[in-house]
Amino acid sequence: MKYHPPTIIVSKHVLEVREYLTKLHPDSITQPYEMTVLTPEGNSLTIDQIRDFRREIQCSGSSPRIIIFELFEQATFEAQHALLKFLEDLAATHSFYIFTSSLESVIPTIRSRCKIIVLKDDVYLSEKI
């Protein structure tokens, strides 16, 4: 899998983001990359979800994955800090995508380590690295 830096995709529409991701990883259709999507349990994405998933990744070996965090605006402060450590340790092996409707809901330390893509009505608006 080609390396992609950790990326935050800002959009109000999850389907729009998934379409964009398919364009970004067209080989995911023909290659057997494992894709994992984490969504909030109940009202928030929790630190326990991040920690449990990290353990799962570490136990399953180093095969590359596409890892998606949906509705990240619902992540707790603690979960975001746990994800920060995850990104620092595993971004070279896996492709991380954070989907959010609000860039401001992502802590600055995660934003500073990610490429940022803003979509609006299925149109690519801007990108920051």
# chains A, B, ... in the order shown; residues from 1 in each chain; ligands from 1

call {"tool": "residues_around", "arguments": {"residues": "Thr7 of chain A", "least_positions_apart": "6", "cutoff": "8 Å", "atoms": "only C-alpha atoms", "output": "list in words"}}
result
Phe96, Tyr97, Ile98, Cys114, Lys115, Ile116 and Ile117 of chain A

call {"tool": "write_last_selection", "arguments": {"atoms": "C-alpha atoms", "output": "mmCIF file, in the first residue's frame"}}
result
data_model
loop_
_atom_site.group_PDB
_atom_site.id
_atom_site.type_symbol
_atom_site.label_atom_id
_atom_site.label_comp_id
_atom_site.auth_asym_id
_atom_site.auth_seq_id
_atom_site.Cartn_x
_atom_site.Cartn_y
_atom_site.Cartn_z
ATOM 1 C CA PHE A 96 -5.276 6.777 9.100
ATOM 2 C CA TYR A 97 -8.306 8.877 8.149
ATOM 3 C CA ILE A 98 -10.247 11.011 10.607
ATOM 4 C CA CYS A 114 -2.194 15.404 9.760
ATOM 5 C CA LYS A 115 -2.879 16.435 6.235
ATOM 6 C CA ILE A 116 -6.206 18.309 6.220
ATOM 7 C CA ILE A 117 -8.712 18.032 3.390
#

call {"tool": "residues_around", "arguments": {"residues": "segment 72-77 of chain A", "least_positions_apart": "4", "cutoff": "8 Å", "atoms": "only C-alpha atoms", "output": "ChimeraX atom specification"}}
result
/A:39-40,43-47,81,98-102,105-107

call {"tool": "atom_distance", "arguments": {"atom1": "atom CA of Thr93 of chain A", "atom2": "atom CA of Val37 of chain A"}}
result
16.6 Å

call {"tool": "decode", "arguments": {"residues": "segment 32-64 of chain A", "atoms": "N, CA, C and O atoms", "output": "PDB file, in the first residue's frame"}}
result
ATOM      1  N   PRO A  32      -6.217  -6.726  -1.207  1.00  0.00           N
ATOM      2  CA  PRO A  32      -6.922  -7.157   0.009  1.00  0.00           C
ATOM      3  C   PRO A  32      -6.528  -6.379   1.259  1.00  0.00           C
ATOM      4  O   PRO A  32      -6.181  -6.956   2.270  1.00  0.00           O
ATOM      5  N   TYR A  33      -6.569  -5.057   1.176  1.00  0.00           N
ATOM      6  CA  TYR A  33      -6.274  -4.266   2.372  1.00  0.00           C
ATOM      7  C   TYR A  33      -7.418  -4.407   3.345  1.00  0.00           C
ATOM      8  O   TYR A  33      -8.574  -4.344   2.968  1.00  0.00           O
ATOM      9  N   GLU A  34      -7.048  -4.567   4.576  1.00  0.00           N
ATOM     10  CA  GLU A  34      -8.086  -4.605   5.595  1.00  0.00           C
ATOM     11  C   GLU A  34      -8.475  -3.173   5.923  1.00  0.00           C
ATOM     12  O   GLU A  34      -7.626  -2.322   6.162  1.00  0.00           O
ATOM     13  N   MET A  35      -9.757  -2.912   5.896  1.00  0.00           N
ATOM     14  CA  MET A  35     -10.259  -1.588   6.228  1.00  0.00           C
ATOM     15  C   MET A  35     -11.054  -1.699   7.518  1.00  0.00           C
ATOM     16  O   MET A  35     -11.917  -2.556   7.643  1.00  0.00           O
ATOM     17  N   THR A  36     -10.732  -0.848   8.464  1.00  0.00           N
ATOM     18  CA  THR A  36     -11.400  -0.852   9.753  1.00  0.00           C
ATOM     19  C   THR A  36     -12.004   0.518   9.999  1.00  0.00           C
ATOM     20  O   THR A  36     -11.336   1.531   9.808  1.00  0.00           O
ATOM     21  N   VAL A  37     -13.265   0.534  10.411  1.00  0.00           N
ATOM     22  CA  VAL A  37     -13.961   1.778  10.693  1.00  0.00           C
ATOM     23  C   VAL A  37     -14.359   1.791  12.166  1.00  0.00           C
ATOM     24  O   VAL A  37     -15.017   0.875  12.638  1.00  0.00           O
ATOM     25  N   LEU A  38     -13.917   2.822  12.882  1.00  0.00           N
ATOM     26  CA  LEU A  38     -14.325   2.999  14.272  1.00  0.00           C
ATOM     27  C   LEU A  38     -15.331   4.125  14.336  1.00  0.00           C
ATOM     28  O   LEU A  38     -15.088   5.212  13.814  1.00  0.00           O
ATOM     29  N   THR A  39     -16.451   3.860  14.970  1.00  0.00           N
ATOM     30  CA  THR A  39     -17.493   4.863  15.162  1.00  0.00           C
ATOM     31  C   THR A  39     -17.774   4.990  16.657  1.00  0.00           C
ATOM     32  O   THR A  39     -17.489   4.075  17.420  1.00  0.00           O
ATOM     33  N   PRO A  40     -18.324   6.098  17.067  1.00  0.00           N
ATOM     34  CA  PRO A  40     -18.622   6.276  18.492  1.00  0.00           C
ATOM     35  C   PRO A  40     -19.579   5.206  19.018  1.00  0.00           C
ATOM     36  O   PRO A  40     -20.495   4.788  18.318  1.00  0.00           O
ATOM     37  N   GLU A  41     -19.311   4.777  20.244  1.00  0.00           N
ATOM     38  CA  GLU A  41     -20.245   3.896  20.951  1.00  0.00           C
ATOM     39  C   GLU A  41     -21.163   4.819  21.733  1.00  0.00           C
ATOM     40  O   GLU A  41     -20.705   5.556  22.599  1.00  0.00           O
ATOM     41  N   GLY A  42     -22.434   4.789  21.415  1.00  0.00           N
ATOM     42  CA  GLY A  42     -23.350   5.705  22.084  1.00  0.00           C
ATOM     43  C   GLY A  42     -23.098   7.124  21.616  1.00  0.00           C
ATOM     44  O   GLY A  42     -23.050   7.395  20.425  1.00  0.00           O
ATOM     45  N   ASN A  43     -22.857   8.019  22.555  1.00  0.00           N
ATOM     46  CA  ASN A  43     -22.698   9.438  22.231  1.00  0.00           C
ATOM     47  C   ASN A  43     -21.265   9.880  21.979  1.00  0.00           C
ATOM     48  O   ASN A  43     -21.039  11.027  21.616  1.00  0.00           O
ATOM     49  N   SER A  44     -20.275   8.983  22.204  1.00  0.00           N
ATOM     50  CA  SER A  44     -18.895   9.443  22.042  1.00  0.00           C
ATOM     51  C   SER A  44     -17.956   8.304  21.667  1.00  0.00           C
ATOM     52  O   SER A  44     -18.220   7.137  21.938  1.00  0.00           O
ATOM     53  N   LEU A  45     -16.853   8.691  21.032  1.00  0.00           N
ATOM     54  CA  LEU A  45     -15.747   7.776  20.774  1.00  0.00           C
ATOM     55  C   LEU A  45     -14.882   7.851  22.026  1.00  0.00           C
ATOM     56  O   LEU A  45     -14.443   8.941  22.412  1.00  0.00           O
ATOM     57  N   THR A  46     -14.645   6.721  22.665  1.00  0.00           N
ATOM     58  CA  THR A  46     -14.024   6.724  23.983  1.00  0.00           C
ATOM     59  C   THR A  46     -12.561   6.282  23.956  1.00  0.00           C
ATOM     60  O   THR A  46     -12.107   5.634  23.017  1.00  0.00           O
ATOM     61  N   ILE A  47     -11.870   6.585  25.028  1.00  0.00           N
ATOM     62  CA  ILE A  47     -10.483   6.166  25.177  1.00  0.00           C
ATOM     63  C   ILE A  47     -10.385   4.644  25.177  1.00  0.00           C
ATOM     64  O   ILE A  47      -9.439   4.071  24.639  1.00  0.00           O
ATOM     65  N   ASP A  48     -11.378   3.962  25.767  1.00  0.00           N
ATOM     66  CA  ASP A  48     -11.361   2.499  25.781  1.00  0.00           C
ATOM     67  C   ASP A  48     -11.457   1.925  24.371  1.00  0.00           C
ATOM     68  O   ASP A  48     -10.788   0.935  24.059  1.00  0.00           O
ATOM     69  N   GLN A  49     -12.246   2.542  23.496  1.00  0.00           N
ATOM     70  CA  GLN A  49     -12.325   2.086  22.109  1.00  0.00           C
ATOM     71  C   GLN A  49     -10.973   2.218  21.418  1.00  0.00           C
ATOM     72  O   GLN A  49     -10.540   1.307  20.710  1.00  0.00           O
ATOM     73  N   ILE A  50     -10.306   3.344  21.624  1.00  0.00           N
ATOM     74  CA  ILE A  50      -9.003   3.564  21.004  1.00  0.00           C
ATOM     75  C   ILE A  50      -7.984   2.563  21.547  1.00  0.00           C
ATOM     76  O   ILE A  50      -7.250   1.925  20.786  1.00  0.00           O
ATOM     77  N   ARG A  51      -7.945   2.397  22.840  1.00  0.00           N
ATOM     78  CA  ARG A  51      -6.986   1.461  23.452  1.00  0.00           C
ATOM     79  C   ARG A  51      -7.246   0.021  23.026  1.00  0.00           C
ATOM     80  O   ARG A  51      -6.310  -0.717  22.716  1.00  0.00           O
ATOM     81  N   ASP A  52      -8.513  -0.389  23.015  1.00  0.00           N
ATOM     82  CA  ASP A  52      -8.847  -1.748  22.590  1.00  0.00           C
ATOM     83  C   ASP A  52      -8.449  -1.985  21.139  1.00  0.00           C
ATOM     84  O   ASP A  52      -7.906  -3.036  20.783  1.00  0.00           O
ATOM     85  N   PHE A  53      -8.712  -1.006  20.301  1.00  0.00           N
ATOM     86  CA  PHE A  53      -8.367  -1.148  18.891  1.00  0.00           C
ATOM     87  C   PHE A  53      -6.851  -1.188  18.709  1.00  0.00           C
ATOM     88  O   PHE A  53      -6.330  -1.972  17.911  1.00  0.00           O
ATOM     89  N   ARG A  54      -6.148  -0.377  19.442  1.00  0.00           N
ATOM     90  CA  ARG A  54      -4.682  -0.388  19.360  1.00  0.00           C
ATOM     91  C   ARG A  54      -4.131  -1.763  19.729  1.00  0.00           C
ATOM     92  O   ARG A  54      -3.245  -2.294  19.050  1.00  0.00           O
ATOM     93  N   ARG A  55      -4.654  -2.367  20.795  1.00  0.00           N
ATOM     94  CA  ARG A  55      -4.223  -3.710  21.192  1.00  0.00           C
ATOM     95  C   ARG A  55      -4.517  -4.715  20.075  1.00  0.00           C
ATOM     96  O   ARG A  55      -3.698  -5.573  19.770  1.00  0.00           O
ATOM     97  N   GLU A  56      -5.685  -4.592  19.472  1.00  0.00           N
ATOM     98  CA  GLU A  56      -6.061  -5.480  18.367  1.00  0.00           C
ATOM     99  C   GLU A  56      -5.064  -5.353  17.210  1.00  0.00           C
ATOM    100  O   GLU A  56      -4.614  -6.358  16.649  1.00  0.00           O
ATOM    101  N   ILE A  57      -4.714  -4.141  16.855  1.00  0.00           N
ATOM    102  CA  ILE A  57      -3.756  -3.897  15.764  1.00  0.00           C
ATOM    103  C   ILE A  57      -2.398  -4.500  16.112  1.00  0.00           C
ATOM    104  O   ILE A  57      -1.768  -5.157  15.285  1.00  0.00           O
ATOM    105  N   GLN A  58      -1.947  -4.287  17.322  1.00  0.00           N
ATOM    106  CA  GLN A  58      -0.626  -4.775  17.722  1.00  0.00           C
ATOM    107  C   GLN A  58      -0.580  -6.297  17.767  1.00  0.00           C
ATOM    108  O   GLN A  58       0.445  -6.887  17.458  1.00  0.00           O
ATOM    109  N   CYS A  59      -1.684  -6.936  18.115  1.00  0.00           N
ATOM    110  CA  CYS A  59      -1.723  -8.399  18.190  1.00  0.00           C
ATOM    111  C   CYS A  59      -1.905  -9.054  16.826  1.00  0.00           C
ATOM    112  O   CYS A  59      -1.538 -10.204  16.640  1.00  0.00           O
ATOM    113  N   SER A  60      -2.454  -8.320  15.874  1.00  0.00           N
ATOM    114  CA  SER A  60      -2.775  -8.920  14.574  1.00  0.00           C
ATOM    115  C   SER A  60      -1.619  -8.884  13.585  1.00  0.00           C
ATOM    116  O   SER A  60      -1.749  -9.345  12.466  1.00  0.00           O
ATOM    117  N   GLY A  61      -0.493  -8.327  13.966  1.00  0.00           N
ATOM    118  CA  GLY A  61       0.643  -8.253  13.046  1.00  0.00           C
ATOM    119  C   GLY A  61       0.720  -6.904  12.370  1.00  0.00           C
ATOM    120  O   GLY A  61       0.010  -5.974  12.714  1.00  0.00           O
ATOM    121  N   SER A  62       1.582  -6.840  11.369  1.00  0.00           N
ATOM    122  CA  SER A  62       1.853  -5.540  10.776  1.00  0.00           C
ATOM    123  C   SER A  62       1.314  -5.384   9.365  1.00  0.00           C
ATOM    124  O   SER A  62       1.771  -4.533   8.625  1.00  0.00           O
ATOM    125  N   SER A  63       0.362  -6.207   8.947  1.00  0.00           N
ATOM    126  CA  SER A  63      -0.175  -6.022   7.601  1.00  0.00           C
ATOM    127  C   SER A  63      -0.871  -4.668   7.530  1.00  0.00           C
ATOM    128  O   SER A  63      -1.580  -4.265   8.445  1.00  0.00           O
ATOM    129  N   PRO A  64      -0.644  -3.924   6.435  1.00  0.00           N
ATOM    130  CA  PRO A  64      -1.187  -2.564   6.336  1.00  0.00           C
ATOM    131  C   PRO A  64      -2.713  -2.536   6.367  1.00  0.00           C
ATOM    132  O   PRO A  64      -3.368  -3.397   5.791  1.00  0.00           O
TER     133      PRO A  64
END
